[in-house]
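Notes follow once the structure below has been shown.
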Amino acid sequence: MQDPRKELILLLDFGGQYTQLIARRVRECRVYCEIIPYYTPLERISSRKPCGIILSGGPSSVYEENAPALPLAVFEMGVPVLGICYGMQLMGHLLGGRVVRASHREYGRARIGITGSEGLFKGLAGKTWCWMSHGDRVEAVPPGFVVSASTDSAPIAAMEDNTRRLYAVQFHPEVVHTPEGRRMIENFLYGICGCGGTWTMGSFLAAAAAEVRETVGHGSAICALSGGVDSSVAAVLVYRAIGERLTCVFVNHGLLREGEPESVREAFRRLGIPIVYVDAKDRFLKKLAGVAEPEAKRRVIGAEFIRVFEEEARKQGNVEFLVQGTLYPDVVESGTATAARIKSHHNVGGLPADMPLRLVEPLRWLFKDEVRELGRELGLPEEIIWRQPFPGPGLAVRILGPVTEEKLNVLRRADAIVTGEIKQAGLDRRVWQYFAVLPDIRSVGVMGDARTYAHTVIVRAVESQDGMTADWARLPHDLLERMAARIVREVPGVNRVVYDITSKPPATIEWE
Ligand code: XMP
């Protein structure tokens with residue numbers, strides 16, 4: 001079967017905030033798209049034989065000293081090019097048009113009149129809306145180009161040279177505020193670049209499994225299952241490729257949520273995939289005894305996790321490969337100097353330091369939504385596919401102060417109520433994360449006629465796109481009330497519930 005990644009769009013990244021979104025939009029049109037730095041050498045670009053090239057937006061001005069640029073030859077390869085925002089200004093500047101520096105940024109929705117009826121705007125002539133976010137703009141198109149769309153403040157909102165198949169838009173077709181954006185991207189991909197749309201998770205699965213078989217050869221591999229969607233999907237995919245030469249190790253560090261170890265074991269039993277289940281609760285609890293400082297907790301858990309995992313790996317004999325569920329955004333963010341944010345990897349279960357294992361990362365080409373789709377393709381249950389992000393150190397970072405078995409039991413019960421109520425209200429796919437936190441405080445209350453002096457539980461629920469920033473979720477008051485009433489009634493040792501209404505920044509999502 002042909003690798004669906006053969007039909008390729010290369011997206012040259014100039015550091016724009018929407019670069020990953022452009023790639024996702026292209027993939028939603030079932031065309032594989034890879035993000036590469038704008039300074040990638042021309043030979044590398046042409047050796048990939050792309051069907052089309054997209055130039056992303058970016059924060060620079062073409063007139064700045066050392067402004068990111070491109071060799072002119074990119075436009076002479078005979079491959080269609082679409083410039084977006086900075087990509088358009090660069091195209092205009094390099095090909096002999098005139099770009100003017102803006103006195104102010106234009107930001108927001110704009111009414112756009114489309115005059116071009118071929119190429120990018122085929123079937124779209126007339127008025128529509130678009131999303132603008134730019135400083136500089138093109139004031140005179142380069143020779144060979146015609147203006148194909150305009151707004152009041154940007155008379156040249158789009159330009160095209162249908163002969164050389166070069167296209168550019170000042171606005172952002174990739175954002176939802178450009179309602180016809182999807183059609184424009186489809187026109188570029190299917191009409192201009194001639195793509196057929198072969199990128200589906202079914203076709204990826206076959207190609208990825210073949211790649212894993214080739215990499216691992218006759219060797220064997222190991223993976224650490226966390227119960228999250230990434231490690232589970234990676235494990236199932238690799239298992240489909242090499243069968244029992246993969247050992248899946250599931251370490252229960254005793255810091256998981258209610259029912260979690262059972263549901264992971266059950267899911268894999270149903271899939272017919274054996275897992276090595278390690279009950280290491282006591283080991284972790286002992287190591288954590290008396291440890292209160294958050295970073296110290298993380299270190300203790302991380303180190304102990306690696307120790308347990310290594311012991312299991314040794315029992316398997318000759319393991320050469322370690323399977324990890326690394327995703328595409330992590331690959332892009334650690335490999336592109338232009339990307340502004342670098343995600344800190346604070347996962348438990350990193351590469352064991354002194355084991356000579358080679359990495360197998362079958363999801364390194366996928367976005368999260370694609371991983372979920374792949375998970376469905378592989379038959380994983382919904383509760384794993386939609387599991388909310390959960391920190392590797394688990395409940396230990398949601399118990400402030402030293403972790404004890406008693407506190408873990410209180411938190412597990414309270415957390416199950418929070419989670420259950422959110423699901424019951426049908427909000428589980430809309431709220432990014434929702435959970436309970438147990439602070440190291442007690443307060444006075446009254447129950448029946450008696451005074452109580454008991455734990456407080458904090459409810460935390462946030463909306464977010466990627467966990468980097470977050471807003472507290474405006475949960476309905478009656479839902480909050482139900483949670484609070486149930487927690488104090490059903491969880492012994494709790495007499496007060498509070499709701500965290502801080503956003504990130506300045507707070508973080510987790511409390512530790
Ligand atoms: P913070 O608390 O930094 O969390 O706002 C951002 C996102 O990362 C998750 N998180 C972790 N994930 N290992 C993980 O795999 C960790 O150690 C860890 N700590 C925080 C957190 O749940 C949120 O989604």
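Letters for chains follow the order of the structure tokens (A, B, ...), residue numbers begin at 1 for each chain, and ligand numbers begin at 1 in the order shown.
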Write out as a ChimeraX atom specification which residues come within 9 Å of stretch 34-36 of chain A when counting only C-alpha atoms, dropping same-chain ones fewer than 3 positions away.
/A:8-13,19-20,23,39-40,332,335-336,365
Exercise answer, 7 Å around ligand 1 with only C-alpha atoms and all ligand atoms, as number ranges by chain:
A: 346-348, 389-393, 433, 467-468, 504, 508-512
Those same residues, written as a CSV table (one decimal), in the first residue's frame with C-alpha atoms?
```csv
chain,number,residue,atom,x,y,z
A,346,HIS,CA,7.4,17.1,32.5
A,347,ASN,CA,6.2,13.6,31.8
A,348,VAL,CA,7.0,10.8,34.1
A,389,PRO,CA,-4.9,15.3,30.3
A,390,PHE,CA,-3.6,13.8,33.5
A,391,PRO,CA,-0.2,14.6,34.9
A,392,GLY,CA,2.3,11.8,35.0
A,393,PRO,CA,2.8,12.2,38.8
A,433,GLN,CA,-9.8,19.6,32.4
A,467,GLY,CA,-2.9,23.7,28.3
A,468,MET,CA,-0.4,26.5,27.7
A,504,LYS,CA,-3.5,30.5,33.7
A,508,THR,CA,-1.3,27.1,36.5
A,509,ILE,CA,-3.9,24.5,35.8
A,510,GLU,CA,-2.5,22.1,38.4
A,511,TRP,CA,-1.9,23.3,42.0
A,512,GLU,CA,1.6,21.9,42.1
```
Would you please extract all strand (DSSP E) residues from stretch 433-471 of chain A, as assigned by DSSP on the backbone, and give them as a list in words?
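In stretch 433-471 of chain A, DSSP puts these residues in strand (DSSP E): Gln433, Tyr434, Phe435, Ala436, Val437, Arg442, Ser443, Val444, Gly445, Val446, Met447, Ala450, Arg451, Thr452, Tyr453, Ala454, His455, Thr456, Val457, Ile458, Val459, Arg460, Ala461, Val462, Glu463 and Asp471 of chain A.
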Residues near A:Asp415, anyone? I mean within 8 Å using only C-alpha atoms, not counting same-chain ones fewer than 6 positions away, as a ChimeraX atom specification.
/A:257-258,435-437
What lies within 12 Å of A:Leu374 using only C-alpha atoms, ignoring chain neighbours under 2 positions off, as a PyMOL selection string?
chain A and resi 199-206+208+229-230+232-237+362-363+366-372+376-382+385
With N, CA, C and O atoms retained, write the just-selected residues as a compact mmCIF listing (two decimals), in the first residue's frame.
```
# COMPACT_ATOMS: atom_id res chain seq x y z
N TRP A 199 -4.84 11.12 2.65
CA TRP A 199 -4.43 11.07 4.05
C TRP A 199 -5.63 10.75 4.95
O TRP A 199 -6.45 11.62 5.23
N THR A 200 -5.74 9.49 5.32
CA THR A 200 -6.79 9.11 6.28
C THR A 200 -6.09 8.29 7.35
O THR A 200 -4.99 7.77 7.12
N MET A 201 -6.72 8.15 8.49
CA MET A 201 -6.07 7.37 9.55
C MET A 201 -5.98 5.89 9.19
O MET A 201 -5.08 5.20 9.61
N GLY A 202 -6.91 5.43 8.34
CA GLY A 202 -6.83 4.05 7.88
C GLY A 202 -5.59 3.83 7.04
O GLY A 202 -4.84 2.87 7.24
N SER A 203 -5.34 4.78 6.11
CA SER A 203 -4.17 4.61 5.25
C SER A 203 -2.89 4.86 6.04
O SER A 203 -1.87 4.19 5.83
N PHE A 204 -2.95 5.78 7.00
CA PHE A 204 -1.76 6.04 7.82
C PHE A 204 -1.40 4.79 8.63
O PHE A 204 -0.23 4.43 8.76
N LEU A 205 -2.42 4.15 9.16
CA LEU A 205 -2.20 2.99 10.01
C LEU A 205 -1.40 1.91 9.28
O LEU A 205 -0.41 1.38 9.82
N ALA A 206 -1.81 1.62 8.06
CA ALA A 206 -1.11 0.58 7.30
C ALA A 206 0.35 0.98 7.08
O ALA A 206 1.28 0.18 7.28
N ALA A 208 2.16 3.22 8.77
CA ALA A 208 2.91 3.35 10.02
C ALA A 208 3.28 1.97 10.57
O ALA A 208 4.39 1.76 11.07
N VAL A 229 -4.41 8.65 26.06
CA VAL A 229 -4.67 8.27 24.67
C VAL A 229 -3.37 8.07 23.88
O VAL A 229 -3.25 7.14 23.10
N ASP A 230 -2.36 8.90 24.12
CA ASP A 230 -1.16 8.82 23.29
C ASP A 230 -0.41 7.49 23.48
O ASP A 230 -0.09 6.79 22.51
N SER A 232 -1.51 4.78 24.77
CA SER A 232 -2.35 3.63 24.43
C SER A 232 -2.40 3.41 22.92
O SER A 232 -2.26 2.30 22.44
N VAL A 233 -2.60 4.49 22.17
CA VAL A 233 -2.68 4.36 20.71
C VAL A 233 -1.34 3.87 20.16
O VAL A 233 -1.28 2.97 19.32
N ALA A 234 -0.25 4.44 20.68
CA ALA A 234 1.08 4.01 20.21
C ALA A 234 1.26 2.52 20.49
O ALA A 234 1.73 1.76 19.63
N ALA A 235 0.85 2.08 21.68
CA ALA A 235 1.03 0.67 22.04
C ALA A 235 0.22 -0.24 21.13
O ALA A 235 0.73 -1.24 20.61
N VAL A 236 -1.04 0.12 20.89
CA VAL A 236 -1.89 -0.76 20.07
C VAL A 236 -1.36 -0.82 18.64
O VAL A 236 -1.28 -1.89 18.03
N LEU A 237 -0.95 0.34 18.13
CA LEU A 237 -0.42 0.36 16.77
C LEU A 237 0.82 -0.54 16.65
O LEU A 237 0.93 -1.36 15.74
N PRO A 362 5.68 6.16 16.74
CA PRO A 362 4.82 6.06 15.55
C PRO A 362 3.82 7.21 15.40
O PRO A 362 3.22 7.38 14.35
N LEU A 363 3.63 8.02 16.46
CA LEU A 363 2.65 9.11 16.36
C LEU A 363 3.31 10.45 16.12
O LEU A 363 2.65 11.49 16.21
N LEU A 366 1.53 12.97 13.96
CA LEU A 366 0.09 13.23 14.14
C LEU A 366 -0.24 14.34 15.14
O LEU A 366 0.43 14.50 16.15
N PHE A 367 -1.32 15.05 14.84
CA PHE A 367 -1.91 15.97 15.80
C PHE A 367 -2.83 15.17 16.73
O PHE A 367 -3.27 14.08 16.39
N LYS A 368 -3.16 15.79 17.87
CA LYS A 368 -3.97 15.09 18.87
C LYS A 368 -5.30 14.58 18.29
O LYS A 368 -5.70 13.45 18.58
N ASP A 369 -5.97 15.42 17.51
CA ASP A 369 -7.27 14.96 16.99
C ASP A 369 -7.09 13.77 16.05
O ASP A 369 -7.95 12.90 15.96
N GLU A 370 -5.95 13.72 15.36
CA GLU A 370 -5.69 12.57 14.50
C GLU A 370 -5.40 11.32 15.33
O GLU A 370 -5.79 10.21 14.96
N VAL A 371 -4.73 11.51 16.47
CA VAL A 371 -4.46 10.37 17.34
C VAL A 371 -5.78 9.78 17.85
O VAL A 371 -5.95 8.56 17.91
N ARG A 372 -6.72 10.66 18.16
CA ARG A 372 -8.02 10.17 18.63
C ARG A 372 -8.72 9.37 17.52
O ARG A 372 -9.28 8.31 17.76
N ARG A 376 -9.74 5.37 17.48
CA ARG A 376 -11.05 4.82 17.13
C ARG A 376 -10.89 3.72 16.08
O ARG A 376 -11.46 2.65 16.17
N GLU A 377 -10.03 4.02 15.11
CA GLU A 377 -9.74 3.05 14.05
C GLU A 377 -9.19 1.75 14.63
O GLU A 377 -9.46 0.66 14.15
N LEU A 378 -8.42 1.89 15.73
CA LEU A 378 -7.78 0.72 16.35
C LEU A 378 -8.69 0.04 17.37
O LEU A 378 -8.31 -0.95 17.99
N GLY A 379 -9.88 0.58 17.58
CA GLY A 379 -10.84 -0.06 18.47
C GLY A 379 -10.67 0.27 19.95
O GLY A 379 -11.18 -0.46 20.80
N LEU A 380 -9.97 1.36 20.26
CA LEU A 380 -9.85 1.75 21.68
C LEU A 380 -11.17 2.31 22.19
O LEU A 380 -11.89 2.98 21.45
N PRO A 381 -11.50 2.08 23.46
CA PRO A 381 -12.77 2.60 23.98
C PRO A 381 -12.74 4.11 24.15
O PRO A 381 -11.68 4.72 24.33
N GLU A 382 -13.94 4.70 24.11
CA GLU A 382 -14.08 6.15 24.21
C GLU A 382 -13.43 6.73 25.46
O GLU A 382 -12.88 7.82 25.44
N ILE A 385 -9.89 7.22 24.62
CA ILE A 385 -9.73 8.20 23.53
C ILE A 385 -9.97 9.62 24.02
O ILE A 385 -9.29 10.55 23.61
```
DSSP on the backbone: which residues in stretch 82-164 of chain A end up as helix (DSSP H, G or I)? Give the answer as a list in words.
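Of stretch 82-164 of chain A, only Tyr86, Gly87, Met88, Gln89, Leu90, Met91, Gly92, His93, Leu94, Gly119, Leu120 and Phe121 of chain A fall in helix (DSSP H, G or I).
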Quick one: pull the distance between atom CA of A:Arg137 and atom CA of A:Leu166, Å, one decimal.
17.2 Å
With only C-alpha atoms as the counted atoms, please give the residues lying no more than 8 Å from stretch 89-101 of chain A, apart from itself and same-chain residues fewer than 2 positions off, as a PDB file with all heavy atoms, in the first residue's frame.
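File result-v8.pdb, as written:
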```
ATOM      1  N   SER A  61       8.661  41.909   9.593  1.00  0.00           N
ATOM      2  CA  SER A  61       8.378  42.781   8.462  1.00  0.00           C
ATOM      3  C   SER A  61       9.466  42.496   7.430  1.00  0.00           C
ATOM      4  O   SER A  61      10.629  42.309   7.797  1.00  0.00           O
ATOM      5  CB  SER A  61       8.459  44.250   8.920  1.00  0.00           C
ATOM      6  OG  SER A  61       8.641  45.073   7.790  1.00  0.00           O
ATOM      7  N   VAL A  62       9.100  42.456   6.151  1.00  0.00           N
ATOM      8  CA  VAL A  62      10.116  42.125   5.132  1.00  0.00           C
ATOM      9  C   VAL A  62      11.253  43.151   5.117  1.00  0.00           C
ATOM     10  O   VAL A  62      12.323  42.885   4.577  1.00  0.00           O
ATOM     11  CB  VAL A  62       9.516  42.014   3.708  1.00  0.00           C
ATOM     12  CG1 VAL A  62       8.632  40.797   3.603  1.00  0.00           C
ATOM     13  CG2 VAL A  62       8.771  43.272   3.314  1.00  0.00           C
ATOM     14  N   ALA A  69      13.654  35.114   5.006  1.00  0.00           N
ATOM     15  CA  ALA A  69      13.418  35.175   3.567  1.00  0.00           C
ATOM     16  C   ALA A  69      13.500  33.778   2.966  1.00  0.00           C
ATOM     17  O   ALA A  69      13.559  32.787   3.680  1.00  0.00           O
ATOM     18  CB  ALA A  69      14.411  36.121   2.920  1.00  0.00           C
ATOM     19  N   LEU A  72      14.809  32.719  -4.166  1.00  0.00           N
ATOM     20  CA  LEU A  72      13.829  32.953  -5.234  1.00  0.00           C
ATOM     21  C   LEU A  72      13.466  31.668  -5.958  1.00  0.00           C
ATOM     22  O   LEU A  72      12.348  31.500  -6.453  1.00  0.00           O
ATOM     23  CB  LEU A  72      14.434  33.925  -6.252  1.00  0.00           C
ATOM     24  CG  LEU A  72      14.032  35.385  -6.103  1.00  0.00           C
ATOM     25  CD1 LEU A  72      14.668  36.204  -7.214  1.00  0.00           C
ATOM     26  CD2 LEU A  72      12.512  35.533  -6.142  1.00  0.00           C
ATOM     27  N   GLY A  83       1.069  31.853  -0.385  1.00  0.00           N
ATOM     28  CA  GLY A  83       1.620  32.668   0.702  1.00  0.00           C
ATOM     29  C   GLY A  83       0.482  33.197   1.555  1.00  0.00           C
ATOM     30  O   GLY A  83      -0.511  33.702   1.029  1.00  0.00           O
ATOM     31  N   CYS A  85      -0.437  35.860   4.628  1.00  0.00           N
ATOM     32  CA  CYS A  85      -0.014  36.970   5.479  1.00  0.00           C
ATOM     33  C   CYS A  85       1.464  37.332   5.243  1.00  0.00           C
ATOM     34  O   CYS A  85       1.795  37.806   4.177  1.00  0.00           O
ATOM     35  CB  CYS A  85      -0.317  36.644   6.943  1.00  0.00           C
ATOM     36  SG  CYS A  85      -0.362  38.121   7.959  1.00  0.00           S
ATOM     37  N   TYR A  86       2.348  37.062   6.194  1.00  0.00           N
ATOM     38  CA  TYR A  86       3.764  37.363   5.933  1.00  0.00           C
ATOM     39  C   TYR A  86       4.223  36.656   4.661  1.00  0.00           C
ATOM     40  O   TYR A  86       5.021  37.190   3.889  1.00  0.00           O
ATOM     41  CB  TYR A  86       4.630  36.948   7.129  1.00  0.00           C
ATOM     42  CG  TYR A  86       6.109  37.268   6.926  1.00  0.00           C
ATOM     43  CD1 TYR A  86       6.564  38.565   7.059  1.00  0.00           C
ATOM     44  CD2 TYR A  86       7.018  36.273   6.580  1.00  0.00           C
ATOM     45  CE1 TYR A  86       7.902  38.874   6.842  1.00  0.00           C
ATOM     46  CE2 TYR A  86       8.367  36.569   6.361  1.00  0.00           C
ATOM     47  CZ  TYR A  86       8.799  37.871   6.506  1.00  0.00           C
ATOM     48  OH  TYR A  86      10.115  38.178   6.294  1.00  0.00           O
ATOM     49  N   GLY A  87       3.691  35.456   4.440  1.00  0.00           N
ATOM     50  CA  GLY A  87       4.018  34.700   3.225  1.00  0.00           C
ATOM     51  C   GLY A  87       3.668  35.497   1.978  1.00  0.00           C
ATOM     52  O   GLY A  87       4.382  35.462   0.976  1.00  0.00           O
ATOM     53  N   SER A 103       1.250  51.634   9.494  1.00  0.00           N
ATOM     54  CA  SER A 103       1.364  52.544  10.637  1.00  0.00           C
ATOM     55  C   SER A 103       0.706  51.887  11.848  1.00  0.00           C
ATOM     56  O   SER A 103       1.009  52.175  12.977  1.00  0.00           O
ATOM     57  CB  SER A 103       0.686  53.877  10.315  1.00  0.00           C
ATOM     58  OG  SER A 103      -0.602  53.622   9.808  1.00  0.00           O
ATOM     59  N   GLY A 135       0.477  43.584   9.888  1.00  0.00           N
ATOM     60  CA  GLY A 135       1.000  44.932   9.936  1.00  0.00           C
ATOM     61  C   GLY A 135       1.192  45.406   8.507  1.00  0.00           C
ATOM     62  O   GLY A 135       0.329  46.088   7.940  1.00  0.00           O
ATOM     63  N   ASP A 136       2.291  44.985   7.883  1.00  0.00           N
ATOM     64  CA  ASP A 136       2.588  45.415   6.504  1.00  0.00           C
ATOM     65  C   ASP A 136       1.532  44.872   5.531  1.00  0.00           C
ATOM     66  O   ASP A 136       0.806  43.949   5.851  1.00  0.00           O
ATOM     67  CB  ASP A 136       3.945  44.850   6.070  1.00  0.00           C
ATOM     68  CG  ASP A 136       5.089  45.386   6.925  1.00  0.00           C
ATOM     69  OD1 ASP A 136       4.820  46.245   7.790  1.00  0.00           O
ATOM     70  OD2 ASP A 136       6.229  44.940   6.724  1.00  0.00           O
ATOM     71  N   ARG A 137       1.524  45.486   4.322  1.00  0.00           N
ATOM     72  CA  ARG A 137       0.652  44.925   3.274  1.00  0.00           C
ATOM     73  C   ARG A 137       1.231  45.218   1.889  1.00  0.00           C
ATOM     74  O   ARG A 137       2.075  46.114   1.721  1.00  0.00           O
ATOM     75  CB  ARG A 137      -0.761  45.467   3.395  1.00  0.00           C
ATOM     76  CG  ARG A 137      -0.867  46.942   3.207  1.00  0.00           C
ATOM     77  CD  ARG A 137      -2.294  47.421   3.462  1.00  0.00           C
ATOM     78  NE  ARG A 137      -2.284  48.858   3.664  1.00  0.00           N
ATOM     79  CZ  ARG A 137      -2.227  49.755   2.681  1.00  0.00           C
ATOM     80  NH1 ARG A 137      -2.166  49.361   1.432  1.00  0.00           N
ATOM     81  NH2 ARG A 137      -2.211  51.043   2.938  1.00  0.00           N
ATOM     82  N   VAL A 138       0.767  44.448   0.910  1.00  0.00           N
ATOM     83  CA  VAL A 138       1.255  44.614  -0.456  1.00  0.00           C
ATOM     84  C   VAL A 138       0.522  45.804  -1.084  1.00  0.00           C
ATOM     85  O   VAL A 138      -0.709  45.872  -1.036  1.00  0.00           O
ATOM     86  CB  VAL A 138       1.006  43.327  -1.279  1.00  0.00           C
ATOM     87  CG1 VAL A 138       1.355  43.543  -2.754  1.00  0.00           C
ATOM     88  CG2 VAL A 138       1.820  42.169  -0.703  1.00  0.00           C
ATOM     89  N   GLU A 139       1.297  46.748  -1.643  1.00  0.00           N
ATOM     90  CA  GLU A 139       0.669  47.927  -2.250  1.00  0.00           C
ATOM     91  C   GLU A 139       0.680  47.860  -3.780  1.00  0.00           C
ATOM     92  O   GLU A 139      -0.170  48.451  -4.445  1.00  0.00           O
ATOM     93  CB  GLU A 139       1.365  49.202  -1.787  1.00  0.00           C
ATOM     94  CG  GLU A 139       0.483  50.414  -2.003  1.00  0.00           C
ATOM     95  CD  GLU A 139       1.185  51.690  -1.559  1.00  0.00           C
ATOM     96  OE1 GLU A 139       2.276  51.980  -2.084  1.00  0.00           O
ATOM     97  OE2 GLU A 139       0.640  52.351  -0.672  1.00  0.00           O
ATOM     98  N   ALA A 140       1.650  47.122  -4.333  1.00  0.00           N
ATOM     99  CA  ALA A 140       1.664  46.926  -5.788  1.00  0.00           C
ATOM    100  C   ALA A 140       2.060  45.483  -6.047  1.00  0.00           C
ATOM    101  O   ALA A 140       3.042  45.003  -5.468  1.00  0.00           O
ATOM    102  CB  ALA A 140       2.659  47.876  -6.442  1.00  0.00           C
ATOM    103  N   VAL A 141       1.275  44.786  -6.883  1.00  0.00           N
ATOM    104  CA  VAL A 141       1.573  43.371  -7.098  1.00  0.00           C
ATOM    105  C   VAL A 141       2.794  43.216  -8.001  1.00  0.00           C
ATOM    106  O   VAL A 141       3.084  44.091  -8.810  1.00  0.00           O
ATOM    107  CB  VAL A 141       0.366  42.608  -7.707  1.00  0.00           C
ATOM    108  CG1 VAL A 141      -0.833  42.655  -6.782  1.00  0.00           C
ATOM    109  CG2 VAL A 141       0.020  43.124  -9.088  1.00  0.00           C
ATOM    110  N   PRO A 142       3.505  42.111  -7.887  1.00  0.00           N
ATOM    111  CA  PRO A 142       4.669  41.886  -8.746  1.00  0.00           C
ATOM    112  C   PRO A 142       4.221  41.638 -10.194  1.00  0.00           C
ATOM    113  O   PRO A 142       3.052  41.267 -10.419  1.00  0.00           O
ATOM    114  CB  PRO A 142       5.295  40.602  -8.176  1.00  0.00           C
ATOM    115  CG  PRO A 142       4.622  40.333  -6.875  1.00  0.00           C
ATOM    116  CD  PRO A 142       3.295  41.018  -6.915  1.00  0.00           C
ATOM    117  N   PRO A 143       5.125  41.808 -11.152  1.00  0.00           N
ATOM    118  CA  PRO A 143       4.774  41.547 -12.556  1.00  0.00           C
ATOM    119  C   PRO A 143       4.217  40.132 -12.715  1.00  0.00           C
ATOM    120  O   PRO A 143       4.720  39.192 -12.098  1.00  0.00           O
ATOM    121  CB  PRO A 143       6.120  41.674 -13.289  1.00  0.00           C
ATOM    122  CG  PRO A 143       6.997  42.470 -12.371  1.00  0.00           C
ATOM    123  CD  PRO A 143       6.510  42.246 -10.979  1.00  0.00           C
ATOM    124  N   ALA A 168      -1.478  34.209  -3.190  1.00  0.00           N
ATOM    125  CA  ALA A 168      -1.194  34.774  -1.879  1.00  0.00           C
ATOM    126  C   ALA A 168      -2.417  35.478  -1.318  1.00  0.00           C
ATOM    127  O   ALA A 168      -3.198  36.082  -2.058  1.00  0.00           O
ATOM    128  CB  ALA A 168      -0.032  35.762  -1.988  1.00  0.00           C
ATOM    129  N   GLN A 170      -3.690  37.997   2.088  1.00  0.00           N
ATOM    130  CA  GLN A 170      -3.262  38.791   3.228  1.00  0.00           C
ATOM    131  C   GLN A 170      -3.964  38.331   4.506  1.00  0.00           C
ATOM    132  O   GLN A 170      -3.480  38.492   5.609  1.00  0.00           O
ATOM    133  CB  GLN A 170      -3.577  40.270   2.949  1.00  0.00           C
ATOM    134  CG  GLN A 170      -3.098  41.218   3.993  1.00  0.00           C
ATOM    135  CD  GLN A 170      -1.607  41.057   4.231  1.00  0.00           C
ATOM    136  OE1 GLN A 170      -0.799  41.448   3.426  1.00  0.00           O
ATOM    137  NE2 GLN A 170      -1.246  40.423   5.331  1.00  0.00           N
TER     138      GLN A 170
END
```
Which neighbours of stretch 489-496 of chain A fall inside 12 Å, counting only C-alpha atoms, when residues of the same chain fewer than 4 positions from it are skipped, and could you give them as JSON, numbers by chain?
{"A": [406, 407, 408, 409, 410, 411, 412, 413, 414, 415, 416, 417, 418, 438, 439, 441, 442, 443, 444, 445, 446, 447, 448, 450, 451, 452, 453, 454, 455, 456, 457, 458, 459, 481, 482, 483, 484, 485]}
For A:Val319, which of A:Leu288, A:Ile306, A:Val403, A:Leu246 is the closest residue, counting only C-alpha atoms?
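Closest residue, counting only C-alpha atoms: A:Leu246.
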So that I can check the surroundings of A:Arg245, please list as a list in words every protein, DNA and RNA residue that reaches within 10 Å of it, counting only C-alpha atoms and ignoring chain neighbours fewer than 3 positions away.
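Surrounding residues, per the criterion: Val216, His218, Gly219, Ser220, Ala221, Ile222, Val238, Tyr239, Ala241, Ile242, Cys248, Gln316 and Val319 of chain A.
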Atom CA of A:Gly15 to atom CA of A:Ser334, straight-line distance in Å
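Distance reported for this atom pair: 13.3 Å.
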Record the distance separating atom CA of A:Gly113 and atom CA of A:His172, expressed in Å with one decimal.
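Atom CA of A:His172 lies at a distance of 14.8 Å from atom CA of A:Gly113.
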